[in-house]
Every structure is written in C-alpha cells, then in structure tokens.
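Enquirer: Below is the file run.tsv, which contains TSV, C-alpha atoms.
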```tsv
chain	number	residue	atom	x	y	z
Y	462	MET	CA	18.57	34.45	-31.62
Y	463	ILE	CA	16.09	32.02	-33.25
Y	464	SER	CA	12.82	32.93	-34.95
Y	465	ILE	CA	10.41	30.26	-36.20
Y	466	LYS	CA	7.66	31.26	-38.62
Y	467	HIS	CA	4.75	29.12	-39.81
Y	468	LEU	CA	6.72	25.89	-39.46
Y	469	SER	CA	5.07	22.64	-40.49
Y	470	LYS	CA	6.18	19.05	-40.89
Y	471	ILE	CA	4.20	16.42	-42.78
Y	472	PHE	CA	5.33	12.80	-42.90
Y	473	LYS	CA	4.31	10.73	-45.93
Y	474	ASN	CA	3.38	7.09	-45.39
Y	475	PRO	CA	4.19	4.32	-47.91
Y	476	ASP	CA	0.48	3.92	-48.67
Y	477	GLY	CA	0.23	7.54	-49.80
Y	478	SER	CA	-1.44	8.86	-46.66
Y	479	SER	CA	0.19	11.54	-44.56
Y	480	ILE	CA	0.54	12.64	-40.92
Y	481	THR	CA	0.88	16.31	-40.00
Y	482	VAL	CA	3.16	16.43	-36.95
Y	483	LEU	CA	3.81	20.18	-36.80
Y	484	LYS	CA	1.16	22.74	-37.76
Y	485	ASP	CA	2.02	26.41	-38.18
Y	486	VAL	CA	4.50	26.69	-35.29
Y	487	ASN	CA	5.58	30.25	-34.48
Y	488	CYS	CA	7.96	31.44	-31.74
Y	489	ASP	CA	10.96	33.64	-30.98
Y	490	ILE	CA	13.84	32.49	-28.74
Y	491	GLN	CA	16.14	35.03	-27.12
Y	492	LYS	CA	19.75	34.55	-26.04
Y	493	GLY	CA	20.02	33.19	-22.49
Y	494	GLU	CA	16.51	31.75	-22.37
Y	495	VAL	CA	15.90	28.26	-20.99
Y	496	ILE	CA	12.76	26.91	-22.64
Y	497	SER	CA	11.25	23.60	-21.62
Y	498	ILE	CA	8.95	21.99	-24.17
Y	499	ILE	CA	6.32	19.83	-22.49
Y	500	GLY	CA	3.18	18.04	-23.61
Y	501	PRO	CA	1.67	14.62	-24.30
Y	502	SER	CA	3.56	12.04	-26.35
Y	503	GLY	CA	3.16	12.35	-30.11
Y	504	THR	CA	2.48	16.09	-30.20
Y	505	GLY	CA	5.61	17.07	-32.14
Y	506	LYS	CA	8.01	18.09	-29.36
Y	507	SER	CA	11.02	16.10	-30.56
Y	508	THR	CA	10.17	16.79	-34.20
Y	509	LEU	CA	10.30	20.52	-33.46
Y	510	LEU	CA	13.81	20.21	-32.01
Y	511	ARG	CA	15.00	18.10	-34.92
Y	512	ALA	CA	13.46	20.56	-37.36
Y	513	ILE	CA	15.24	23.52	-35.73
Y	514	ASN	CA	18.66	22.03	-36.52
Y	515	MET	CA	17.45	20.49	-39.81
Y	516	LEU	CA	17.91	16.88	-38.80
Y	517	GLU	CA	14.26	16.58	-39.82
Y	518	PRO	CA	13.84	19.17	-42.59
Y	519	PRO	CA	10.47	20.96	-42.25
Y	520	THR	CA	7.85	20.76	-44.98
Y	521	SER	CA	7.26	24.51	-44.97
Y	522	GLY	CA	7.92	27.68	-43.00
Y	523	GLU	CA	11.04	29.56	-42.00
Y	524	ILE	CA	13.73	29.19	-39.33
Y	525	TRP	CA	15.90	32.25	-38.75
Y	526	VAL	CA	19.12	31.87	-36.75
Y	527	ASP	CA	21.12	35.04	-36.06
Y	528	GLY	CA	19.27	36.84	-38.84
Y	529	GLU	CA	19.69	34.14	-41.51
Y	530	ASN	CA	16.99	31.87	-42.87
Y	531	ILE	CA	18.58	28.43	-42.55
Y	532	MET	CA	15.88	26.94	-44.81
Y	533	ALA	CA	16.87	29.21	-47.68
Y	534	LYS	CA	18.32	27.51	-50.74
Y	535	GLY	CA	22.10	27.43	-50.61
Y	536	TYR	CA	22.42	28.00	-46.87
Y	537	ARG	CA	25.30	25.93	-45.45
Y	538	LEU	CA	23.91	23.84	-42.60
Y	539	ASP	CA	27.37	23.18	-41.16
Y	540	LYS	CA	27.55	26.90	-40.33
Y	541	MET	CA	24.36	26.63	-38.24
Y	542	ARG	CA	25.36	23.36	-36.58
Y	543	LYS	CA	28.56	24.89	-35.24
Y	544	LYS	CA	26.32	27.26	-33.27
Y	545	MET	CA	23.76	24.69	-32.19
Y	546	GLY	CA	24.59	21.63	-30.08
Y	547	MET	CA	22.22	18.72	-29.56
Y	548	VAL	CA	21.96	16.11	-26.82
Y	549	PHE	CA	19.92	13.04	-27.71
Y	550	GLN	CA	18.07	10.65	-25.43
Y	551	SER	CA	20.16	7.74	-26.75
Y	552	PHE	CA	23.58	9.41	-26.09
Y	553	ASN	CA	25.02	8.65	-29.59
Y	554	LEU	CA	28.60	8.29	-28.32
Y	555	PHE	CA	31.25	6.55	-30.44
Y	556	ASP	CA	31.83	3.20	-28.69
Y	557	HIS	CA	35.26	2.69	-30.29
Y	558	MET	CA	36.58	5.98	-28.88
Y	559	THR	CA	37.47	6.85	-25.31
Y	560	VAL	CA	35.46	9.46	-23.46
Y	561	LEU	CA	38.17	12.05	-24.14
Y	562	GLU	CA	38.31	11.18	-27.84
Y	563	ASN	CA	34.51	11.48	-28.11
Y	564	ILE	CA	34.74	15.04	-26.86
Y	565	THR	CA	37.79	16.19	-28.86
Y	566	TYR	CA	36.85	14.61	-32.21
Y	567	ALA	CA	34.54	17.37	-33.54
Y	568	PRO	CA	36.46	20.42	-32.23
Y	569	VAL	CA	39.68	19.17	-33.86
Y	570	ARG	CA	38.10	18.32	-37.22
Y	571	LEU	CA	35.41	20.97	-37.54
Y	572	LEU	CA	36.70	23.90	-35.51
Y	573	LYS	CA	40.36	23.18	-36.39
Y	574	ILE	CA	41.42	23.42	-32.74
Y	575	SER	CA	44.80	21.84	-32.00
Y	576	GLU	CA	44.66	18.43	-30.38
Y	577	GLU	CA	46.50	19.70	-27.34
Y	578	ASN	CA	44.05	22.57	-26.78
Y	579	ALA	CA	41.10	20.31	-27.48
Y	580	ARG	CA	42.27	17.79	-24.87
Y	581	GLU	CA	42.86	20.55	-22.33
Y	582	GLU	CA	39.39	21.97	-22.86
Y	583	ALA	CA	37.81	18.51	-22.86
Y	584	MET	CA	39.33	17.79	-19.46
Y	585	ASP	CA	37.93	21.08	-18.15
Y	586	LEU	CA	34.50	20.08	-19.43
Y	587	LEU	CA	34.77	16.62	-17.89
Y	588	ARG	CA	35.58	18.22	-14.56
Y	589	LYS	CA	32.51	20.41	-15.01
Y	590	VAL	CA	30.27	17.36	-15.39
Y	591	GLY	CA	32.10	15.38	-12.71
Y	592	LEU	CA	33.74	12.79	-14.97
Y	593	ALA	CA	37.41	13.75	-15.24
Y	594	GLN	CA	38.40	10.35	-13.85
Y	595	LYS	CA	36.63	8.65	-16.78
Y	596	ALA	CA	38.59	10.41	-19.55
Y	597	ASP	CA	40.43	7.30	-20.75
Y	598	VAL	CA	37.65	4.71	-20.50
Y	599	PHE	CA	35.29	3.61	-23.25
Y	600	PRO	CA	31.55	4.43	-23.16
Y	601	ASP	CA	30.55	0.78	-22.62
Y	602	SER	CA	31.95	0.95	-19.09
Y	603	LEU	CA	29.78	3.96	-18.14
Y	604	SER	CA	26.32	4.10	-16.63
Y	605	GLY	CA	23.52	5.75	-18.57
Y	606	GLY	CA	23.77	8.91	-16.49
Y	607	GLN	CA	27.51	9.11	-17.06
Y	608	LYS	CA	27.08	8.63	-20.81
Y	609	GLN	CA	24.60	11.48	-20.93
Y	610	ARG	CA	26.95	13.76	-19.01
Y	611	VAL	CA	29.69	12.93	-21.54
Y	612	ALA	CA	27.23	13.77	-24.33
Y	613	ILE	CA	26.61	17.17	-22.71
Y	614	ALA	CA	30.35	17.80	-22.44
Y	615	ARG	CA	30.74	16.84	-26.10
Y	616	ALA	CA	28.06	19.36	-27.10
Y	617	LEU	CA	29.72	22.10	-25.02
Y	618	ALA	CA	33.11	21.43	-26.63
Y	619	MET	CA	31.80	22.96	-29.87
Y	620	HIS	CA	31.19	26.32	-28.13
Y	621	PRO	CA	27.52	26.39	-29.16
Y	622	ASP	CA	25.28	29.43	-28.78
Y	623	VAL	CA	22.35	27.15	-27.97
Y	624	ILE	CA	21.92	23.51	-26.96
Y	625	LEU	CA	18.87	21.41	-27.84
Y	626	PHE	CA	18.06	18.59	-25.39
Y	627	ASP	CA	15.74	15.86	-26.71
Y	628	GLU	CA	14.35	14.11	-23.61
Y	629	PRO	CA	17.84	13.74	-22.11
Y	630	THR	CA	16.67	11.66	-19.13
Y	631	SER	CA	14.04	9.41	-20.75
Y	632	ALA	CA	16.47	6.53	-21.42
Y	633	LEU	CA	17.96	6.61	-17.92
Y	634	ASP	CA	17.33	4.51	-14.86
Y	635	PRO	CA	15.36	6.78	-12.47
Y	636	THR	CA	18.25	6.69	-9.99
Y	637	MET	CA	20.50	8.40	-12.58
Y	638	VAL	CA	18.14	11.18	-13.65
Y	639	GLY	CA	19.26	13.55	-10.89
Y	640	GLU	CA	22.93	13.63	-11.92
Y	641	VAL	CA	22.07	14.75	-15.47
Y	642	LEU	CA	19.50	17.33	-14.34
Y	643	SER	CA	22.10	18.73	-11.93
Y	644	VAL	CA	24.50	19.44	-14.80
Y	645	MET	CA	21.71	21.05	-16.82
Y	646	ARG	CA	20.74	23.26	-13.87
Y	647	GLN	CA	24.30	24.52	-13.71
Y	648	LEU	CA	24.29	25.29	-17.44
Y	649	ALA	CA	21.11	27.32	-16.93
Y	650	LYS	CA	22.79	29.28	-14.13
Y	651	ASP	CA	25.76	29.92	-16.41
Y	652	GLY	CA	23.46	31.53	-18.99
Y	653	MET	CA	23.47	28.84	-21.68
Y	654	THR	CA	20.54	29.15	-24.09
Y	655	MET	CA	18.68	25.83	-24.00
Y	656	LEU	CA	15.59	24.22	-25.51
Y	657	ILE	CA	14.66	21.12	-23.54
Y	658	VAL	CA	12.05	18.52	-24.42
Y	659	THR	CA	11.32	16.93	-21.06
Y	660	HIS	CA	8.80	14.96	-19.02
Y	661	GLU	CA	10.41	16.11	-15.76
Y	662	MET	CA	7.78	18.63	-14.68
Y	663	ARG	CA	9.43	19.79	-11.47
Y	664	PHE	CA	12.73	20.32	-13.29
Y	665	ALA	CA	10.97	22.26	-16.06
Y	666	ARG	CA	9.30	24.47	-13.50
Y	667	ASP	CA	12.48	25.10	-11.51
Y	668	VAL	CA	14.99	25.76	-14.30
Y	669	SER	CA	13.03	27.33	-17.17
Y	670	THR	CA	12.50	30.96	-18.07
Y	671	ARG	CA	9.68	29.93	-20.43
Y	672	ILE	CA	7.54	26.88	-21.04
Y	673	PHE	CA	6.09	25.75	-24.37
Y	674	PHE	CA	3.12	23.42	-23.90
Y	675	MET	CA	2.70	21.55	-27.18
Y	676	ASN	CA	-0.51	19.82	-28.17
Y	677	GLU	CA	-1.85	18.69	-31.55
Y	678	GLY	CA	1.29	19.84	-33.36
Y	679	ILE	CA	1.25	23.46	-32.24
Y	680	ILE	CA	2.57	25.52	-29.33
Y	681	TYR	CA	-0.72	25.47	-27.48
Y	682	GLU	CA	0.45	27.72	-24.67
Y	683	ASP	CA	3.61	29.78	-24.12
Y	684	GLY	CA	4.42	31.46	-20.83
Y	685	THR	CA	6.52	31.66	-17.72
Y	686	PRO	CA	6.65	28.60	-15.44
Y	687	GLU	CA	4.29	30.39	-13.04
Y	688	GLN	CA	1.79	31.09	-15.82
Y	689	ILE	CA	1.85	27.56	-17.22
Y	690	PHE	CA	1.85	25.63	-13.95
Y	691	GLU	CA	-0.19	27.96	-11.72
Y	692	HIS	CA	-2.54	29.76	-14.11
Y	693	PRO	CA	-2.83	27.80	-17.38
Y	694	VAL	CA	-5.29	29.28	-19.87
Y	695	HIS	CA	-6.33	26.13	-21.73
Y	696	SER	CA	-8.01	23.12	-20.16
Y	697	ALA	CA	-5.60	20.79	-22.00
Y	698	THR	CA	-2.64	22.52	-20.35
Y	699	LYS	CA	-4.29	22.36	-16.94
Y	700	ALA	CA	-4.98	18.63	-17.29
Y	701	PHE	CA	-1.41	17.90	-18.36
Y	702	VAL	CA	0.49	19.85	-15.71
Y	703	ASN	CA	-1.65	18.47	-12.88
Y	704	ARG	CA	-0.78	14.87	-13.69
Y	705	ILE	CA	-1.13	12.51	-10.77
Y	706	GLN	CA	0.46	9.07	-11.03
Y	707	LYS	CA	-1.11	6.26	-9.06
Y	708	LEU	CA	-0.95	2.56	-8.29
Y	709	VAL	CA	-4.05	0.82	-6.92
Y	710	TYR	CA	-4.58	-2.58	-5.25
Y	711	ASP	CA	-7.94	-4.07	-4.24
Y	712	ILE	CA	-7.49	-6.37	-1.25
Y	713	ASP	CA	-10.40	-8.81	-0.85
Y	714	SER	CA	-9.07	-11.41	1.55
Y	715	GLU	CA	-6.52	-12.06	4.27
Y	716	ASP	CA	-4.49	-14.14	1.82
Y	717	PHE	CA	-3.57	-11.26	-0.50
Y	718	ASP	CA	-0.22	-11.32	-2.31
Y	719	TYR	CA	1.87	-8.78	-0.39
Y	720	LEU	CA	5.01	-9.66	-2.37
Y	721	GLN	CA	3.24	-8.63	-5.57
Y	722	ILE	CA	2.37	-5.30	-3.98
Y	723	ARG	CA	6.00	-4.81	-2.91
Y	724	THR	CA	7.21	-5.54	-6.45
Y	725	GLY	CA	4.77	-3.03	-7.92
Y	726	LEU	CA	5.76	-0.42	-5.34
Y	727	ASN	CA	9.46	-0.96	-6.07
Y	728	GLN	CA	8.85	-0.19	-9.74
Y	729	PHE	CA	6.69	2.84	-8.87
Y	730	PHE	CA	9.36	4.31	-6.57
Y	731	LEU	CA	12.07	3.80	-9.19
Y	732	LYS	CA	10.02	5.18	-12.08
Y	733	TYR	CA	9.19	8.43	-10.30
Y	734	ASN	CA	12.52	8.86	-8.50
Y	735	LEU	CA	10.98	8.30	-5.05
Y	736	SER	CA	13.46	5.77	-3.71
Y	737	GLY	CA	14.24	8.06	-0.77
Y	738	LYS	CA	10.68	7.58	0.49
Y	739	ALA	CA	10.51	3.83	-0.03
Y	740	GLU	CA	11.68	2.55	3.36
Y	741	ASN	CA	9.33	4.84	5.28
Y	742	ALA	CA	6.44	3.95	2.95
Y	743	TYR	CA	6.95	0.19	3.37
Y	744	SER	CA	6.97	0.57	7.16
Y	745	ILE	CA	3.68	2.49	7.13
Y	746	ILE	CA	2.00	0.18	4.59
Y	747	SER	CA	2.94	-2.97	6.51
Y	748	GLU	CA	1.69	-1.53	9.80
Y	749	MET	CA	-1.60	-0.39	8.27
Y	750	LEU	CA	-2.37	-3.57	6.31
Y	751	PHE	CA	-1.35	-6.12	8.95
Y	752	GLU	CA	-2.09	-4.30	12.22
Y	753	HIS	CA	-4.53	-1.39	12.16
Y	754	LEU	CA	-6.59	-2.66	9.21
Y	755	GLY	CA	-5.84	-6.36	9.58
Y	756	GLY	CA	-9.02	-8.40	9.08
Y	757	ILE	CA	-10.92	-5.50	7.52
Y	758	ARG	CA	-11.90	-6.48	4.00
Y	759	PRO	CA	-12.63	-5.42	1.29
Y	760	LEU	CA	-9.98	-2.73	1.34
Y	761	THR	CA	-8.44	-0.61	-1.40
Y	762	PHE	CA	-4.84	0.54	-1.08
Y	763	ARG	CA	-3.52	3.26	-3.38
Y	764	ILE	CA	-0.29	5.23	-3.67
Y	765	THR	CA	-0.36	8.55	-5.54
Y	766	PHE	CA	2.38	10.91	-6.66
Y	767	ALA	CA	1.64	14.43	-7.93
Y	768	GLU	CA	4.46	15.24	-10.36
Y	769	LEU	CA	4.08	19.01	-10.03
Y	770	SER	CA	3.88	19.38	-6.25
Y	771	GLY	CA	5.87	16.26	-5.40
Y	772	GLU	CA	3.17	15.19	-2.92
Y	773	THR	CA	3.20	11.44	-2.22
Y	774	ALA	CA	0.24	9.87	-0.42
Y	775	LEU	CA	-0.81	6.43	0.80
Y	776	ASP	CA	-4.59	5.94	0.73
Y	777	PHE	CA	-6.41	3.16	2.57
Y	778	MET	CA	-10.09	2.98	1.61
Y	779	VAL	CA	-12.48	0.84	3.66
Y	780	GLU	CA	-15.43	0.06	1.41
Y	781	GLY	CA	-18.90	0.80	2.79
Y	782	ALA	CA	-17.67	2.26	6.09
Y	783	SER	CA	-19.25	5.46	7.40
Y	784	ALA	CA	-16.69	6.08	10.16
Y	785	SER	CA	-13.03	5.36	10.79
Y	786	PRO	CA	-12.35	1.65	11.40
Y	787	ILE	CA	-9.61	2.70	13.84
Y	788	LYS	CA	-11.49	3.41	17.06
Y	789	ASP	CA	-8.54	4.51	19.16
Y	790	PRO	CA	-6.90	7.66	17.66
Y	791	ALA	CA	-3.74	6.97	19.65
Y	792	ALA	CA	-3.25	3.78	17.65
Y	793	LEU	CA	-1.84	5.86	14.78
Y	794	ASP	CA	0.64	7.79	16.93
Y	795	GLY	CA	3.55	5.68	15.64
Y	796	ILE	CA	2.59	6.40	12.05
Y	797	ARG	CA	2.14	10.11	12.76
Y	798	LYS	CA	5.83	10.27	13.64
Y	799	LYS	CA	6.70	8.85	10.21
Y	800	ALA	CA	4.20	10.90	8.17
Y	801	GLN	CA	3.83	14.54	7.18
Y	802	ALA	CA	0.10	14.38	7.87
Y	803	ILE	CA	-2.82	11.98	8.28
Y	804	VAL	CA	-6.27	12.83	6.93
Y	805	GLU	CA	-9.30	10.70	7.85
Y	806	GLU	CA	-12.47	11.40	5.86
Y	807	PRO	CA	-15.70	9.81	4.62
Y	808	THR	CA	-16.10	9.41	0.85
Y	809	ALA	CA	-18.82	8.27	-1.54
Y	810	ARG	CA	-17.40	4.73	-1.42
Y	811	GLY	CA	-16.62	4.41	2.27
Y	812	PHE	CA	-14.01	5.83	4.63
Y	813	ARG	CA	-10.49	6.85	3.66
Y	814	ILE	CA	-7.30	7.21	5.65
Y	815	LYS	CA	-4.83	9.32	3.67
Y	816	ILE	CA	-1.22	9.43	4.85
Y	817	LEU	CA	1.14	11.98	3.33
Y	818	ILE	CA	4.78	10.86	3.30
```
Any chance you could give the structure as structure tokens?
Expert:
Amino acid sequence: MISIKHLSKIFKNPDGSSITVLKDVNCDIQKGEVISIIGPSGTGKSTLLRAINMLEPPTSGEIWVDGENIMAKGYRLDKMRKKMGMVFQSFNLFDHMTVLENITYAPVRLLKISEENAREEAMDLLRKVGLAQKADVFPDSLSGGQKQRVAIARALAMHPDVILFDEPTSALDPTMVGEVLSVMRQLAKDGMTMLIVTHEMRFARDVSTRIFFMNEGIIYEDGTPEQIFEHPVHSATKAFVNRIQKLVYDIDSEDFDYLQIRTGLNQFFLKYNLSGKAENAYSIISEMLFEHLGGIRPLTFRITFAELSGETALDFMVEGASASPIKDPAALDGIRKKAQAIVEEPTARGFRIKILI
C-alpha cells in the first residue's frame, strides 16, 4: 500500500545551519497493518507521519502510495489525501461548527456526497465512537477525549485507506486516554490500516501488528510486538521499551511533609493512568510510614511503574539496616490482603520492603 524509499528531511535554520531529522528511512506498509511508531522524543516520529502525507515535504527520497510516487512532479496531492486520513494531537476541530458539521464538511465538499447522506453517515460514525448525543454541540463544550473521538470520526468520514495518528493521546488528561484508545482498538479489529505515533507502550504492544522503533532519525528496529518488546536486537531499543517511571522521597525526620508526598503521588497516578490503584496505595503508604516504620529514620520511599508490564511497586528502604525493621511478620498481614506480593530483601544501601500493588 505504501512504500518509502531513502526518505530524508533536513530543516534549515535562520542562521544557515541545518538539522537532519530523518535519515534514509525505508519501509513497506501493507493493507490492514497496524504499525505503532515508538522511540525517544526528537527522533523524527511525527516528522515521518507528516512527510508521508506531505504536510512536511521531504528533502529527498520517494513515497509510493498504491503504485504512484506522490513526490513526483505534477502529482496531485488531493488525490492522495482522499485516501489518507490524519488525526492530530491537538484535535484541529472547527470551533465555529457543530460536531456534526465538523464531520460532514469535507465529505460534502471534497467527495461530493449529498448533505443528507453525509449527515446520515456522520451519525453512524458518532455512534461508533460513542458520541451520537453530542452531534449538535460545539467542540468547546467537549472534553479532550471527546474532541479526539470526533476527530477520529471526521477522518473516517472520508473513507480513507489508511489513517495516520500523531500522538493522539498526548494532549489528553490521563483519565481520558482510555476512551480514545478503545476506539482505536476497535478500528484495528475492523481491519483499518493505521500508523500510530504513540508513547502508550502497552497499547502499542496489544494492538499493533508491527512496531517501528525510531532513533536518531531512522527506523532503528522493525518487528512484531513480541520481537520488539521481548527480544529487541539493539541496546537502545531494549533501554527504551523497559522504561520504568519512578517517584522518590527521602524522609529524614518525623516532621516530614506528607501532604507534599500526597500531591506528588496524585500527579504520578494521573500521569500514568493509575488512578484505580490510588486508594489502595494511599492506605498502604500511610500504614507503613506512620505505623510499621514510624520512628525509623532515615527512610527512602519510592513508587515505581513499569510501562511495559504494568507492574506498580511501593518500596520502603531503611538505610543502613541489615535485617527487616519489622520484627513480627504478622504485623504486615493487613497489608498482605491489599497487595499482590511483599518482598523483603537486603540491598547494598540497607534493607528494602517492596510491596506490589
């Protein structure tokens, strides 16, 4: 369906210097594939998507869509864009139009579909993304997740052969990410060809047929989700997919600021879509800090979240200790009922109690 050959993109700076964002990118994309493009920030992921539909014309190379080189002189880009939808991270809805009008505008004017048929199909699409009741409202009244679902419906209304998603959840409150990913999962099941730039590792692993790991402006590694996440070839890929997010607090006295810790934890839970674990975590943290480890200082508390596995852990490190500070094992029975597991182990710095939630 799409073949990319030796694609490069060089940006020129006002001072005459230049930045090479894409370097000799090569890949073939088949109909029905769902390809997630992952990698560190600034490695050309979004630029690649924008280059594929010529929003960011490449510096050199070739892009073939259905057997035609869309970079060839004289090629009509509107022909390609009728086949290729795009969903942006910033929604790009028309604020002066209702939701229904946003969806029907392009099909009526570009595909020459009658307004009646366009409205009928738009309502079907709104039902598909769960927003039929919002047809007559304006985008300003919608949440970020709802706006993005409207943007997906708008892209589908053009009957595209492929949809490009440029970090579709990055501008959303973490509580709204799930509703957009749910719609995209359904599109994947329906056989829609998709290229998705995303930082949602678990989603990429679950929904993709292939993964592109981009680094330093090239497709560094290309493989199935199992290959990329379980058996990566390059050390850079391995380091990226095994990302572990953490929040650490050193507690030196009895008068530590627990409210500051709570605030930081609130932000952590929201950022990584862990709100469902918050109440249980707060209960365990409070019991550990004020009861079982009360008076034991210095103490380091850390929460970690492994994006790939989804494992969330609460670590309590007692500096300089060679054995567990909790002498009675039964003291943790209440916490055991709330946790998946408790691991107690000596470390180079002291003794750690790790609680998986």
Enquirer: Looking at Y:Ala774, Y:Ile712, Y:Ala767, Y:Ala782, which one is nearest to Gln801 of chain Y, with distances taken over only C-alpha atoms?
Expert: Y:Ala774
Enquirer: What separation in Å, quoted to one decimal, exists between atom CA of Ser497 of chain Y and atom CA of Ile657 of chain Y?
Expert: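 Atom CA of Ile657 of chain Y lies 4.6 Å from atom CA of Ser497 of chain Y.
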Enquirer: Near Leu760 of chain Y, within 9 Å and counting only C-alpha atoms, which residues show up once chain neighbours fewer than 6 positions away are dropped, as a list in words?
Expert: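 Listed by chain and then number, they are Tyr710, Asp711, Ile712, Asp713, Ser714, Leu754, Phe777, Met778, Val779 and Glu780 of chain Y.
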Enquirer: Which protein, DNA or RNA residues have an atom at most 10 Å from (28.6, 9.4, -19.2), counting all atoms listed in the file? List them as a list in words.
Expert: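 The residues near that point, listed by chain and number, are Phe552, Leu554, Val560, Leu587, Val590, Gly591, Leu592, Lys595, Phe599, Pro600, Asp601, Ser602, Leu603, Ser604, Gly605, Gly606, Gln607, Lys608, Gln609, Arg610, Val611, Ala612, Ile613, Ala614 and Val641 of chain Y.
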Enquirer: For a quick check of your reading of the model, name the residues lying within 9 Å of the coordinate (17.1, 12.6, -22.2), counting only C-alpha atoms, and write them as a PyMOL selection string.
Expert: chain Y and resi 548-552+609+626-633+638+641+657-659
Enquirer: Considering all atoms listed in the file, give me a table of residues in segment 626-723 of chain Y that are at most 9 Å from segment 733-744 of chain Y, with the closest atom pair and distance in Å for each, as a tab-separated table.
Expert:
```
residue	atom	partner	partner_atom	distance
Y:Pro635	CA	Y:Asn734	CA	5.3
Y:Thr636	CA	Y:Asn734	CA	6.3
Y:Met637	CA	Y:Asn734	CA	9.0
Y:Val638	CA	Y:Asn734	CA	8.0
Y:Gly639	CA	Y:Asn734	CA	8.6
Y:Gln706	CA	Y:Tyr733	CA	8.8
Y:Arg723	CA	Y:Tyr743	CA	8.1
```
Enquirer: Separation of atom CA of Asn563 of chain Y and atom CA of Arg615 of chain Y, in Å?
Expert: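 Pair atom CA of Asn563 of chain Y / atom CA of Arg615 of chain Y returns 6.9 Å.
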Enquirer: Do you have the atom CA of Glu806 of chain Y-atom CA of Asp776 of chain Y distance handy?
Expert: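 Spanning atom CA of Glu806 of chain Y to atom CA of Asp776 of chain Y is a straight-line distance of 10.9 Å.
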Enquirer: Start from the incomplete input, build N, CA and C atoms for segment 576-591 of chain Y, and deliver everything as a short mmCIF file (atom, residue, chain, number, x, y, z; two decimals), in the coordinates of the input.
Expert:
```cif
data_model
loop_
_atom_site.label_atom_id
_atom_site.label_comp_id
_atom_site.auth_asym_id
_atom_site.auth_seq_id
_atom_site.Cartn_x
_atom_site.Cartn_y
_atom_site.Cartn_z
N GLU Y 576 45.00 19.56 -31.24
CA GLU Y 576 44.66 18.43 -30.38
C GLU Y 576 45.00 18.71 -28.93
N GLU Y 577 46.10 19.39 -28.71
CA GLU Y 577 46.50 19.70 -27.34
C GLU Y 577 45.48 20.61 -26.65
N ASN Y 578 45.05 21.66 -27.35
CA ASN Y 578 44.05 22.57 -26.78
C ASN Y 578 42.70 21.89 -26.61
N ALA Y 579 42.38 21.03 -27.57
CA ALA Y 579 41.10 20.31 -27.48
C ALA Y 579 41.08 19.38 -26.28
N ARG Y 580 42.20 18.69 -26.03
CA ARG Y 580 42.27 17.79 -24.87
C ARG Y 580 42.19 18.59 -23.57
N GLU Y 581 42.86 19.71 -23.55
CA GLU Y 581 42.86 20.55 -22.33
C GLU Y 581 41.44 21.04 -22.02
N GLU Y 582 40.75 21.49 -23.07
CA GLU Y 582 39.39 21.97 -22.86
C GLU Y 582 38.44 20.83 -22.52
N ALA Y 583 38.65 19.67 -23.15
CA ALA Y 583 37.81 18.51 -22.86
C ALA Y 583 37.93 18.09 -21.40
N MET Y 584 39.13 18.14 -20.87
CA MET Y 584 39.33 17.79 -19.46
C MET Y 584 38.62 18.80 -18.55
N ASP Y 585 38.66 20.07 -18.92
CA ASP Y 585 37.93 21.08 -18.15
C ASP Y 585 36.43 20.79 -18.15
N LEU Y 586 35.92 20.39 -19.32
CA LEU Y 586 34.50 20.08 -19.43
C LEU Y 586 34.14 18.83 -18.64
N LEU Y 587 35.02 17.83 -18.66
CA LEU Y 587 34.77 16.62 -17.89
C LEU Y 587 34.76 16.91 -16.39
N ARG Y 588 35.61 17.82 -15.97
CA ARG Y 588 35.58 18.22 -14.56
C ARG Y 588 34.25 18.90 -14.25
N LYS Y 589 33.77 19.67 -15.20
CA LYS Y 589 32.51 20.41 -15.01
C LYS Y 589 31.34 19.46 -14.83
N VAL Y 590 31.37 18.33 -15.52
CA VAL Y 590 30.27 17.36 -15.39
C VAL Y 590 30.61 16.22 -14.44
N GLY Y 591 31.74 16.34 -13.74
CA GLY Y 591 32.10 15.38 -12.71
C GLY Y 591 32.65 14.07 -13.21
#
```
